[in-house]
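Next up, query06.tsv (TSV, C-alpha atoms):
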chain	number	residue	atom	x	y	z
H	158	MET	CA	28.38	13.06	8.45
H	159	ARG	CA	27.89	13.97	4.79
H	160	LEU	CA	24.69	11.93	4.72
H	161	LEU	CA	23.28	13.77	7.74
H	162	GLU	CA	23.75	17.05	5.89
H	163	ASN	CA	21.76	15.74	2.92
H	164	GLY	CA	18.16	17.01	2.94
H	165	ASN	CA	16.74	13.99	1.12
H	166	PHE	CA	18.38	11.58	3.54
H	167	ARG	CA	17.11	13.48	6.59
H	168	ILE	CA	13.52	13.53	5.29
H	169	GLY	CA	13.69	9.83	4.48
H	170	ALA	CA	15.22	9.01	7.86
H	171	ALA	CA	12.51	10.95	9.72
H	172	LEU	CA	9.70	9.23	7.79
H	173	GLY	CA	11.41	5.85	8.13
H	174	LEU	CA	11.81	6.32	11.90
H	175	PHE	CA	8.11	7.08	12.28
H	176	ILE	CA	6.97	4.12	10.18
H	177	GLY	CA	9.57	1.78	11.66
H	178	SER	CA	8.52	2.67	15.22
H	179	LEU	CA	4.90	1.74	14.42
H	180	ILE	CA	5.92	-1.58	12.88
H	181	VAL	CA	8.34	-2.51	15.67
H	182	THR	CA	5.72	-1.62	18.30
H	183	SER	CA	3.20	-3.92	16.57
H	184	PHE	CA	5.36	-6.94	17.45
H	185	PHE	CA	4.92	-6.26	21.16
H	186	PHE	CA	1.73	-4.26	21.50
H	187	LEU	CA	-1.47	-3.65	19.54
H	188	PRO	CA	-4.30	-1.45	20.86
H	189	TYR	CA	-6.89	-4.04	19.80
H	190	ASP	CA	-7.13	-7.43	18.13
H	191	TYR	CA	-6.62	-6.62	14.44
H	192	ASN	CA	-9.35	-9.13	13.52
H	193	GLY	CA	-11.62	-8.29	16.45
H	194	MET	CA	-15.09	-7.41	15.12
H	195	ASP	CA	-17.80	-5.36	16.81
H	196	SER	CA	-20.91	-4.59	14.76
H	197	LYS	CA	-21.97	-1.90	17.27
H	198	ILE	CA	-19.11	0.41	16.27
H	199	ARG	CA	-19.07	-0.12	12.50
H	200	PHE	CA	-17.79	2.94	10.60
H	201	SER	CA	-16.98	4.91	13.76
H	202	PRO	CA	-15.16	8.11	12.70
H	203	PRO	CA	-11.60	8.86	13.89
H	204	GLY	CA	-11.43	9.92	17.49
H	205	PHE	CA	-11.15	8.41	20.93
H	206	PRO	CA	-10.78	5.49	21.59
H	207	HIS	CA	-10.32	4.56	17.90
H	208	LEU	CA	-7.73	7.03	16.58
H	209	LEU	CA	-8.31	6.27	12.89
H	210	GLY	CA	-11.88	5.03	13.20
H	211	THR	CA	-13.27	1.57	12.48
H	212	ASP	CA	-14.10	-0.28	9.27
H	213	ASN	CA	-17.18	-2.10	7.97
H	214	PHE	CA	-16.68	-4.96	10.45
H	215	GLY	CA	-16.04	-2.68	13.41
H	216	ARG	CA	-12.30	-3.43	13.39
H	217	ASP	CA	-9.89	-0.75	14.60
H	218	VAL	CA	-8.20	0.81	11.54
H	219	PHE	CA	-5.12	2.02	13.45
H	220	THR	CA	-4.48	-1.48	14.81
H	221	ARG	CA	-4.81	-2.98	11.33
H	222	ILE	CA	-2.43	-0.33	9.96
H	223	MET	CA	0.18	-1.30	12.57
H	224	ALA	CA	-0.29	-5.05	12.06
H	225	GLY	CA	-0.44	-4.84	8.27
H	226	GLY	CA	2.76	-2.81	8.05
H	227	LYS	CA	4.99	-5.68	9.14
H	228	TYR	CA	3.54	-8.02	6.52
H	229	THR	CA	3.78	-5.45	3.73
H	230	LEU	CA	7.33	-4.47	4.69
H	231	ALA	CA	8.43	-8.10	5.16
H	232	ALA	CA	7.25	-8.97	1.63
H	233	ALA	CA	9.14	-5.96	0.24
H	234	LEU	CA	12.34	-6.76	2.17
H	235	ILE	CA	12.37	-10.42	1.10
H	236	THR	CA	11.69	-9.41	-2.50
H	237	VAL	CA	14.51	-6.86	-2.63
H	238	ALA	CA	17.00	-9.05	-0.74
H	239	GLY	CA	16.38	-12.02	-3.01
H	240	SER	CA	16.41	-10.06	-6.26
H	241	ALA	CA	19.50	-8.10	-5.18
H	242	ALA	CA	21.40	-11.30	-4.40
H	243	ALA	CA	20.40	-13.06	-7.62
H	244	GLY	CA	20.77	-9.96	-9.78
H	245	SER	CA	24.18	-9.10	-8.31
H	246	ALA	CA	25.57	-12.57	-8.98
H	247	LEU	CA	24.19	-12.67	-12.53
H	248	GLY	CA	25.23	-9.11	-13.35
H	249	MET	CA	28.79	-9.31	-12.06
H	250	ILE	CA	29.49	-12.70	-13.63
H	251	SER	CA	27.92	-11.55	-16.90
H	252	GLY	CA	29.84	-8.26	-17.01
H	253	PHE	CA	33.15	-9.85	-16.04
H	254	ALA	CA	32.84	-12.80	-18.43
H	255	GLY	CA	31.49	-10.85	-21.43
H	256	GLY	CA	30.98	-12.55	-24.77
H	257	VAL	CA	28.23	-15.10	-25.37
H	258	TRP	CA	27.42	-15.52	-21.67
H	259	ASP	CA	26.87	-11.77	-21.29
H	260	GLU	CA	24.64	-11.70	-24.37
H	261	ILE	CA	22.48	-14.61	-23.13
H	262	VAL	CA	22.02	-13.14	-19.66
H	263	MET	CA	21.12	-9.66	-20.91
H	264	ARG	CA	18.64	-10.94	-23.48
H	265	LEU	CA	17.00	-12.98	-20.72
H	266	MET	CA	16.81	-9.83	-18.56
H	267	ASP	CA	15.25	-7.92	-21.47
H	268	ALA	CA	12.63	-10.65	-21.81
H	269	LEU	CA	11.80	-10.51	-18.08
H	270	SER	CA	11.59	-6.71	-18.14
H	271	SER	CA	9.12	-6.76	-21.01
H	272	PHE	CA	6.79	-9.20	-19.22
H	273	PRO	CA	3.83	-7.41	-17.51
H	274	GLY	CA	4.08	-7.80	-13.74
H	275	ILE	CA	0.37	-8.36	-13.16
H	276	LEU	CA	0.22	-11.03	-15.88
H	277	LEU	CA	3.18	-12.84	-14.31
H	278	ALA	CA	1.48	-12.73	-10.91
H	279	LEU	CA	-1.73	-14.14	-12.41
H	280	VAL	CA	0.16	-16.98	-14.12
H	281	MET	CA	2.06	-17.84	-10.94
H	282	ALA	CA	-1.14	-17.67	-8.87
H	283	ALA	CA	-2.73	-20.15	-11.27
H	284	LEU	CA	0.29	-22.49	-11.04
H	285	LEU	CA	1.25	-22.14	-7.37
H	286	GLY	CA	-1.94	-20.93	-5.72
H	287	ASN	CA	-2.86	-17.48	-4.47
H	288	SER	CA	-0.65	-16.74	-1.44
H	289	HIS	CA	1.98	-14.36	-0.11
H	290	VAL	CA	4.70	-16.83	-1.19
H	291	THR	CA	3.48	-16.66	-4.78
H	292	LEU	CA	3.45	-12.86	-4.57
H	293	ILE	CA	7.05	-12.73	-3.31
H	294	ILE	CA	8.28	-15.11	-6.02
H	295	ALA	CA	6.56	-13.07	-8.75
H	296	LEU	CA	7.96	-9.77	-7.46
H	297	LEU	CA	11.42	-11.28	-6.98
H	298	VAL	CA	11.54	-12.39	-10.62
H	299	LEU	CA	10.38	-8.94	-11.77
H	300	PHE	CA	13.03	-7.08	-9.74
H	301	ILE	CA	16.04	-9.18	-10.80
H	302	PRO	CA	16.71	-7.38	-14.15
H	303	SER	CA	17.25	-3.93	-12.60
H	304	PHE	CA	19.89	-5.24	-10.15
H	305	THR	CA	21.51	-7.32	-12.89
H	306	ARG	CA	22.02	-4.26	-15.10
H	307	ILE	CA	23.41	-2.13	-12.25
H	308	MET	CA	25.94	-4.76	-11.16
H	309	ARG	CA	26.88	-5.70	-14.73
H	310	SER	CA	27.72	-2.05	-15.44
H	311	GLY	CA	29.90	-1.92	-12.32
H	312	ALA	CA	31.71	-5.16	-13.18
H	313	ILE	CA	32.51	-3.86	-16.68
H	314	GLN	CA	33.79	-0.63	-15.14
H	315	TYR	CA	36.15	-2.36	-12.69
H	316	LYS	CA	37.31	-5.47	-14.54
H	317	SER	CA	40.07	-3.54	-16.37
H	318	ARG	CA	41.36	-1.74	-13.26
H	319	ASP	CA	44.93	-2.33	-12.14
H	320	PHE	CA	44.03	-4.17	-8.91
H	321	VAL	CA	41.91	-6.66	-10.88
H	322	LEU	CA	44.64	-7.18	-13.50
H	323	ALA	CA	47.17	-7.74	-10.71
H	324	ALA	CA	44.91	-10.35	-9.11
H	325	ARG	CA	44.55	-12.15	-12.44
H	326	ILE	CA	48.33	-12.17	-12.94
H	327	LEU	CA	48.69	-13.75	-9.49
H	328	GLY	CA	46.36	-16.56	-10.60
H	329	THR	CA	43.34	-15.57	-8.51
H	330	SER	CA	40.18	-17.36	-9.62
H	331	ARG	CA	37.51	-15.42	-11.45
H	332	LEU	CA	34.88	-15.95	-8.79
H	333	ARG	CA	37.23	-14.67	-6.08
H	334	ILE	CA	38.04	-11.60	-8.17
H	335	ILE	CA	34.33	-10.92	-8.71
H	336	PHE	CA	33.13	-11.40	-5.14
H	337	VAL	CA	36.22	-10.36	-3.14
H	338	HIS	CA	37.84	-7.63	-5.27
H	339	ILE	CA	35.03	-6.12	-7.36
H	340	LEU	CA	31.91	-6.53	-5.19
H	341	PRO	CA	33.13	-4.34	-2.25
H	342	ASN	CA	33.54	-1.43	-4.68
H	343	LEU	CA	29.94	-1.83	-5.85
H	344	VAL	CA	28.34	-2.03	-2.39
H	345	PRO	CA	27.44	1.72	-2.24
H	346	SER	CA	25.64	1.52	-5.60
H	347	LEU	CA	23.94	-1.73	-4.58
H	348	LEU	CA	22.81	-0.22	-1.26
H	349	SER	CA	21.24	2.88	-2.82
H	350	ALA	CA	19.58	0.73	-5.53
H	351	SER	CA	18.20	-1.62	-2.86
H	352	VAL	CA	16.72	1.21	-0.79
H	353	LEU	CA	15.11	2.71	-3.90
H	354	GLY	CA	13.96	-0.79	-4.84
H	355	LEU	CA	12.14	-1.06	-1.51
H	356	SER	CA	9.89	1.86	-2.44
H	357	ASN	CA	9.00	0.13	-5.73
H	358	ALA	CA	8.49	-3.19	-3.92
H	359	ILE	CA	6.11	-1.61	-1.38
H	360	LEU	CA	4.11	-0.10	-4.24
H	361	ALA	CA	4.11	-3.37	-6.21
H	362	GLU	CA	3.06	-5.46	-3.19
H	363	SER	CA	0.25	-3.02	-2.37
H	364	THR	CA	-0.95	-3.11	-5.97
H	365	MET	CA	-0.97	-6.91	-6.07
H	366	SER	CA	-2.74	-7.14	-2.70
H	367	TYR	CA	-5.28	-4.57	-3.87
H	368	LEU	CA	-6.05	-6.86	-6.82
H	369	GLY	CA	-6.35	-9.86	-4.49
H	370	LEU	CA	-3.11	-11.51	-5.66
H	371	GLY	CA	-1.03	-10.99	-2.55
H	372	ILE	CA	-1.40	-11.40	1.19
H	373	GLN	CA	-4.70	-13.17	1.93
H	374	PRO	CA	-7.21	-12.66	4.77
H	375	PRO	CA	-7.32	-12.79	7.72
H	376	VAL	CA	-3.79	-11.35	7.61
H	377	PRO	CA	-4.05	-7.58	7.01
H	378	SER	CA	-2.02	-5.67	4.44
H	379	TRP	CA	-2.24	-2.05	3.33
H	380	GLY	CA	-3.14	-2.93	-0.26
H	381	ARG	CA	-5.93	-5.29	0.80
H	382	MET	CA	-7.26	-2.69	3.25
H	383	LEU	CA	-7.56	-0.28	0.32
H	384	SER	CA	-9.38	-2.90	-1.73
H	385	GLU	CA	-11.80	-3.72	1.08
H	386	SER	CA	-12.62	-0.05	1.76
H	387	GLN	CA	-13.27	1.12	-1.81
H	388	ASN	CA	-17.01	0.48	-1.53
H	389	TYR	CA	-17.21	2.75	1.51
H	390	LEU	CA	-15.08	5.59	0.18
H	391	PHE	CA	-17.79	8.26	0.52
H	392	ASN	CA	-19.44	7.30	3.79
H	393	ALA	CA	-16.25	6.15	5.58
H	394	PRO	CA	-13.24	7.69	3.76
H	395	TRP	CA	-10.88	7.11	6.70
H	396	CYS	CA	-10.89	3.37	5.95
H	397	ALA	CA	-9.12	4.05	2.63
H	398	LEU	CA	-7.20	7.21	3.51
H	399	ALA	CA	-5.28	5.59	6.39
H	400	PRO	CA	-3.68	2.69	4.43
H	401	GLY	CA	-3.26	4.93	1.37
H	402	ALA	CA	-1.38	7.51	3.45
H	403	MET	CA	0.87	4.80	4.95
H	404	ILE	CA	1.73	3.43	1.51
H	405	MET	CA	2.55	6.94	0.29
H	406	LEU	CA	4.68	7.81	3.33
H	407	THR	CA	6.60	4.51	3.17
H	408	VAL	CA	7.31	4.87	-0.55
H	409	LEU	CA	8.46	8.47	0.02
H	410	ALA	CA	10.67	7.40	2.95
H	411	PHE	CA	12.58	4.81	0.92
H	412	HIS	CA	12.70	7.11	-2.11
H	413	TYR	CA	14.28	9.95	-0.13
H	414	LEU	CA	16.67	7.57	1.66
H	415	GLY	CA	17.76	6.05	-1.65
H	416	GLU	CA	18.25	9.46	-3.26
H	417	GLY	CA	20.24	10.62	-0.24
H	418	LEU	CA	22.49	7.57	-0.41
H	419	ARG	CA	22.95	7.97	-4.16
H	420	GLN	CA	23.91	11.64	-3.83
H	421	GLY	CA	26.23	10.80	-0.94
H	422	ASN	CA	28.11	8.29	-3.14
H	423	GLN	CA	28.72	10.75	-5.96

Structure re-expressed in structure tokens:
Amino acid sequence: MRLLENGNFRIGAALGLFIGSLIVTSFFFLPYDYNGMDSKIRFSPPGFPHLLGTDNFGRDVFTRIMAGGKYTLAAALITVAGSAAAGSALGMISGFAGGVWDEIVMRLMDALSSFPGILLALVMAALLGNSHVTLIIALLVLFIPSFTRIMRSGAIQYKSRDFVLAARILGTSRLRIIFVHILPNLVPSLLSASVLGLSNAILAESTMSYLGLGIQPPVPSWGRMLSESQNYLFNAPWCALAPGAMIMLTVLAFHYLGEGLRQGNQ
């Protein structure tokens, strides 16, 4: 109930419900074929029957927004889930163990954080090929350090608590203490960090796709739609405004949800 009284959470939930309903609907129904081309209706302005107009190939922009949302969101969800899992394990083990192991892990995280994301994506594209899998791997590696630091801080905070000391006296293994006794206490922090991380992942995926390093045609994505429409910004602005608005609303939704969760945990 406290969350429902939080203004940030309510704004994020409302935006998330709107965006989520569009994405879920796209699995079962699309107004048009998202790759269906019709040269007779190129650059049709927003109206009926094309709510957000058509692009340079005569494709329905609203349909491509709906279809592209699931691919953009899926890439962000996989990125955050993978980096949260890897970062949590590294951070908690590092914080609990301390010493040389902690120093090695944190210096590695510092090195990853200092590496430019676009450069990493370019290197991985050269090694693995330009695909959505390469994009996800690159983003996953980039997001691991933030989760590692959050979970390391929590492990250091809890490892001297009485319930942990009691478990150690009883001979409980370190891994069991970390994942059974400490992890449940860090779930609220991990949840809020993950939701905030989704907003950053959406933005990162859209940026990479805009640069041609992410999801490849014919599959639509919001970032690629922006890239494809930049040459027609003045004579057909709706082609760029629609995906740009969806990126902005999705980032805001996860930002407000994450802030609401963080404030609710304080």

Excluding stretch 315-322 of chain H and its own-chain neighbours fewer than 4 positions away, which residues fall within 9 Å of it when counting all atoms listed in the file? Please give them as a VMD selection string. chain H and resid 252 to 253 310 to 311 326 to 327 334 to 335 338 to 339 342

Mind listing as a PyMOL selection string all residues within 9 Å of (-16.8, -2.7, 14.7), counting only C-alpha atoms? chain H and resi 193-201+211-217

With C-alpha atoms retained, export the selected residues as a short mmCIF file (atom, residue, chain, number, x, y, z; two decimals), in the frame of the given file.
data_model
loop_
_atom_site.label_atom_id
_atom_site.label_comp_id
_atom_site.auth_asym_id
_atom_site.auth_seq_id
_atom_site.Cartn_x
_atom_site.Cartn_y
_atom_site.Cartn_z
CA GLY H 193 -11.62 -8.29 16.45
CA MET H 194 -15.09 -7.41 15.12
CA ASP H 195 -17.80 -5.36 16.81
CA SER H 196 -20.91 -4.59 14.76
CA LYS H 197 -21.97 -1.90 17.27
CA ILE H 198 -19.11 0.41 16.27
CA ARG H 199 -19.07 -0.12 12.50
CA PHE H 200 -17.79 2.94 10.60
CA SER H 201 -16.98 4.91 13.76
CA THR H 211 -13.27 1.57 12.48
CA ASP H 212 -14.10 -0.28 9.27
CA ASN H 213 -17.18 -2.10 7.97
CA PHE H 214 -16.68 -4.96 10.45
CA GLY H 215 -16.04 -2.68 13.41
CA ARG H 216 -12.30 -3.43 13.39
CA ASP H 217 -9.89 -0.75 14.60
#

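Residues with any atom within 7 Å of stretch 262-265 of chain H, counting only C-alpha atoms and excluding same-chain neighbours fewer than 4 positions away, are Ser251, Trp258 and Leu269 of chain H.
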
At a cut-off of 10 Å, using only C-alpha atoms, what residues contact H:Leu187? Leave out same-chain residues fewer than 6 positions from it and give the result as a ChimeraX atom specification. /H:179,219-221,223-224

So, counting only C-alpha atoms, which residue among H:Leu285, H:Leu299, H:Val290, H:Ala246 is closest to H:Ala268?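 Of the candidates, the smallest distance to H:Ala268 is held by H:Leu299.
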
Ref. answer, residues at most 8 Å from (20.2, 9.5, 0.6) with only C-alpha atoms, as a list in words: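 Checking each residue against the 8 Å limit leaves Leu160, Asn163, Asn165, Phe166, Arg167, Gly169, Ser349, Tyr413, Leu414, Gly415, Glu416, Gly417, Leu418, Arg419, Gln420 and Gly421 of chain H.
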
Could you write out that same residue set with C-alpha atoms as a PDB file, keeping the file's coordinate frame?
ATOM      1  CA  LEU H 160      24.690  11.930   4.720  1.00  0.00           C
ATOM      2  CA  ASN H 163      21.760  15.740   2.920  1.00  0.00           C
ATOM      3  CA  ASN H 165      16.740  13.990   1.120  1.00  0.00           C
ATOM      4  CA  PHE H 166      18.380  11.580   3.540  1.00  0.00           C
ATOM      5  CA  ARG H 167      17.110  13.480   6.590  1.00  0.00           C
ATOM      6  CA  GLY H 169      13.690   9.830   4.480  1.00  0.00           C
ATOM      7  CA  SER H 349      21.240   2.880  -2.820  1.00  0.00           C
ATOM      8  CA  TYR H 413      14.280   9.950  -0.130  1.00  0.00           C
ATOM      9  CA  LEU H 414      16.670   7.570   1.660  1.00  0.00           C
ATOM     10  CA  GLY H 415      17.760   6.050  -1.650  1.00  0.00           C
ATOM     11  CA  GLU H 416      18.250   9.460  -3.260  1.00  0.00           C
ATOM     12  CA  GLY H 417      20.240  10.620  -0.240  1.00  0.00           C
ATOM     13  CA  LEU H 418      22.490   7.570  -0.410  1.00  0.00           C
ATOM     14  CA  ARG H 419      22.950   7.970  -4.160  1.00  0.00           C
ATOM     15  CA  GLN H 420      23.910  11.640  -3.830  1.00  0.00           C
ATOM     16  CA  GLY H 421      26.230  10.800  -0.940  1.00  0.00           C
TER      17      GLY H 421
END

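Ranking H:Gly248, H:Gly177, H:Pro273, H:Gly256 by their shortest atom-to-atom distance to H:Leu343, with only C-alpha atoms included, puts H:Gly248 first.
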
Proximity check stretch 311-361 of chain H to stretch 366-390 of chain H, 12 Å, nearest pairs one decimal Å, only C-alpha atoms, as CSV:
residue,atom,partner,partner_atom,distance
H:Ala358,CA,H:Ser366,CA,12.0
H:Ile359,CA,H:Gly380,CA,9.4
H:Leu360,CA,H:Gly380,CA,8.7
H:Ala361,CA,H:Ser366,CA,8.6

d(atom CA of H:Thr236, atom CA of H:Ser183) in Å: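 Answer for the atom CA of H:Thr236 to atom CA of H:Ser183 separation: 21.6 Å.
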
Computed interatomic separation between atom CA of H:Leu398 and atom CA of H:Asn192 (Å): 19.3 Å

Point-to-point distance in Å for atom CA of H:Phe336 and atom CA of H:Ala324: 12.5 Å

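Counting all atoms listed in the file and comparing H:Gly328, H:Gly354, H:Pro345, H:Gly226, the residue that lies closest to H:Gly401 is H:Gly226.
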
Between H:Ser363, H:Ile313, H:Ile222, H:Met308, which is the closest to H:Asp190 once you count all atoms listed in the file?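 The shortest atom-to-atom distance to H:Asp190 comes from H:Ile222.
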
Compile the contact shell of H:Asn357 as a PyMOL selection string: residues with an atom at most 12 Å away, counting only C-alpha atoms, same-chain residues fewer than 2 positions apart removed. chain H and resi 230+232-234+236-237+296-297+299-300+303+350-355+359-364+404-405+407-412+415

Here is a test: counting all atoms listed in the file, which residue of H:Ala254, H:Ala278, H:Pro206, H:Tyr189 is nearest to H:Leu332?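 Between H:Ala254, H:Ala278, H:Pro206, H:Tyr189, the residue approaching H:Leu332 most closely is H:Ala254.
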
Check the smallest atom-to-atom distance from each of H:Pro341, H:Phe304, H:Ser330, H:Met403 to H:Ala242 using all atoms listed in the file, then report the winner. H:Phe304

Write stretch 242-257 of chain H as a PDB file, keeping the file's coordinate frame, completed to N, CA and C atoms.
ATOM      1  N   ALA H 242      20.403 -10.234  -4.435  1.00  0.00           N
ATOM      2  CA  ALA H 242      21.400 -11.300  -4.400  1.00  0.00           C
ATOM      3  C   ALA H 242      21.517 -11.995  -5.758  1.00  0.00           C
ATOM      4  N   ALA H 243      20.377 -12.380  -6.327  1.00  0.00           N
ATOM      5  CA  ALA H 243      20.400 -13.060  -7.620  1.00  0.00           C
ATOM      6  C   ALA H 243      20.879 -12.146  -8.739  1.00  0.00           C
ATOM      7  N   GLY H 244      20.378 -10.908  -8.751  1.00  0.00           N
ATOM      8  CA  GLY H 244      20.770  -9.960  -9.780  1.00  0.00           C
ATOM      9  C   GLY H 244      22.235  -9.573  -9.701  1.00  0.00           C
ATOM     10  N   SER H 245      22.766  -9.440  -8.482  1.00  0.00           N
ATOM     11  CA  SER H 245      24.180  -9.100  -8.310  1.00  0.00           C
ATOM     12  C   SER H 245      25.080 -10.196  -8.859  1.00  0.00           C
ATOM     13  N   ALA H 246      24.766 -11.447  -8.503  1.00  0.00           N
ATOM     14  CA  ALA H 246      25.570 -12.570  -8.980  1.00  0.00           C
ATOM     15  C   ALA H 246      25.531 -12.654 -10.508  1.00  0.00           C
ATOM     16  N   LEU H 247      24.332 -12.591 -11.077  1.00  0.00           N
ATOM     17  CA  LEU H 247      24.190 -12.670 -12.530  1.00  0.00           C
ATOM     18  C   LEU H 247      24.888 -11.502 -13.227  1.00  0.00           C
ATOM     19  N   GLY H 248      24.674 -10.304 -12.711  1.00  0.00           N
ATOM     20  CA  GLY H 248      25.230  -9.110 -13.350  1.00  0.00           C
ATOM     21  C   GLY H 248      26.742  -9.067 -13.321  1.00  0.00           C
ATOM     22  N   MET H 249      27.333  -9.368 -12.167  1.00  0.00           N
ATOM     23  CA  MET H 249      28.790  -9.310 -12.060  1.00  0.00           C
ATOM     24  C   MET H 249      29.458 -10.404 -12.890  1.00  0.00           C
ATOM     25  N   ILE H 250      28.911 -11.614 -12.831  1.00  0.00           N
ATOM     26  CA  ILE H 250      29.490 -12.700 -13.630  1.00  0.00           C
ATOM     27  C   ILE H 250      29.343 -12.408 -15.115  1.00  0.00           C
ATOM     28  N   SER H 251      28.171 -11.882 -15.497  1.00  0.00           N
ATOM     29  CA  SER H 251      27.920 -11.550 -16.900  1.00  0.00           C
ATOM     30  C   SER H 251      28.853 -10.448 -17.387  1.00  0.00           C
ATOM     31  N   GLY H 252      28.979  -9.372 -16.607  1.00  0.00           N
ATOM     32  CA  GLY H 252      29.840  -8.260 -17.010  1.00  0.00           C
ATOM     33  C   GLY H 252      31.311  -8.639 -17.050  1.00  0.00           C
ATOM     34  N   PHE H 253      31.738  -9.464 -16.094  1.00  0.00           N
ATOM     35  CA  PHE H 253      33.150  -9.850 -16.040  1.00  0.00           C
ATOM     36  C   PHE H 253      33.491 -10.840 -17.150  1.00  0.00           C
ATOM     37  N   ALA H 254      32.576 -11.778 -17.419  1.00  0.00           N
ATOM     38  CA  ALA H 254      32.840 -12.800 -18.430  1.00  0.00           C
ATOM     39  C   ALA H 254      32.727 -12.243 -19.839  1.00  0.00           C
ATOM     40  N   GLY H 255      31.696 -11.416 -20.087  1.00  0.00           N
ATOM     41  CA  GLY H 255      31.490 -10.850 -21.430  1.00  0.00           C
ATOM     42  C   GLY H 255      31.125 -11.936 -22.434  1.00  0.00           C
ATOM     43  N   GLY H 256      31.193 -11.583 -23.700  1.00  0.00           N
ATOM     44  CA  GLY H 256      30.980 -12.550 -24.770  1.00  0.00           C
ATOM     45  C   GLY H 256      29.580 -13.122 -24.828  1.00  0.00           C
ATOM     46  N   VAL H 257      29.510 -14.422 -25.167  1.00  0.00           N
ATOM     47  CA  VAL H 257      28.230 -15.100 -25.370  1.00  0.00           C
ATOM     48  C   VAL H 257      27.424 -15.153 -24.074  1.00  0.00           C
TER      49      VAL H 257
END
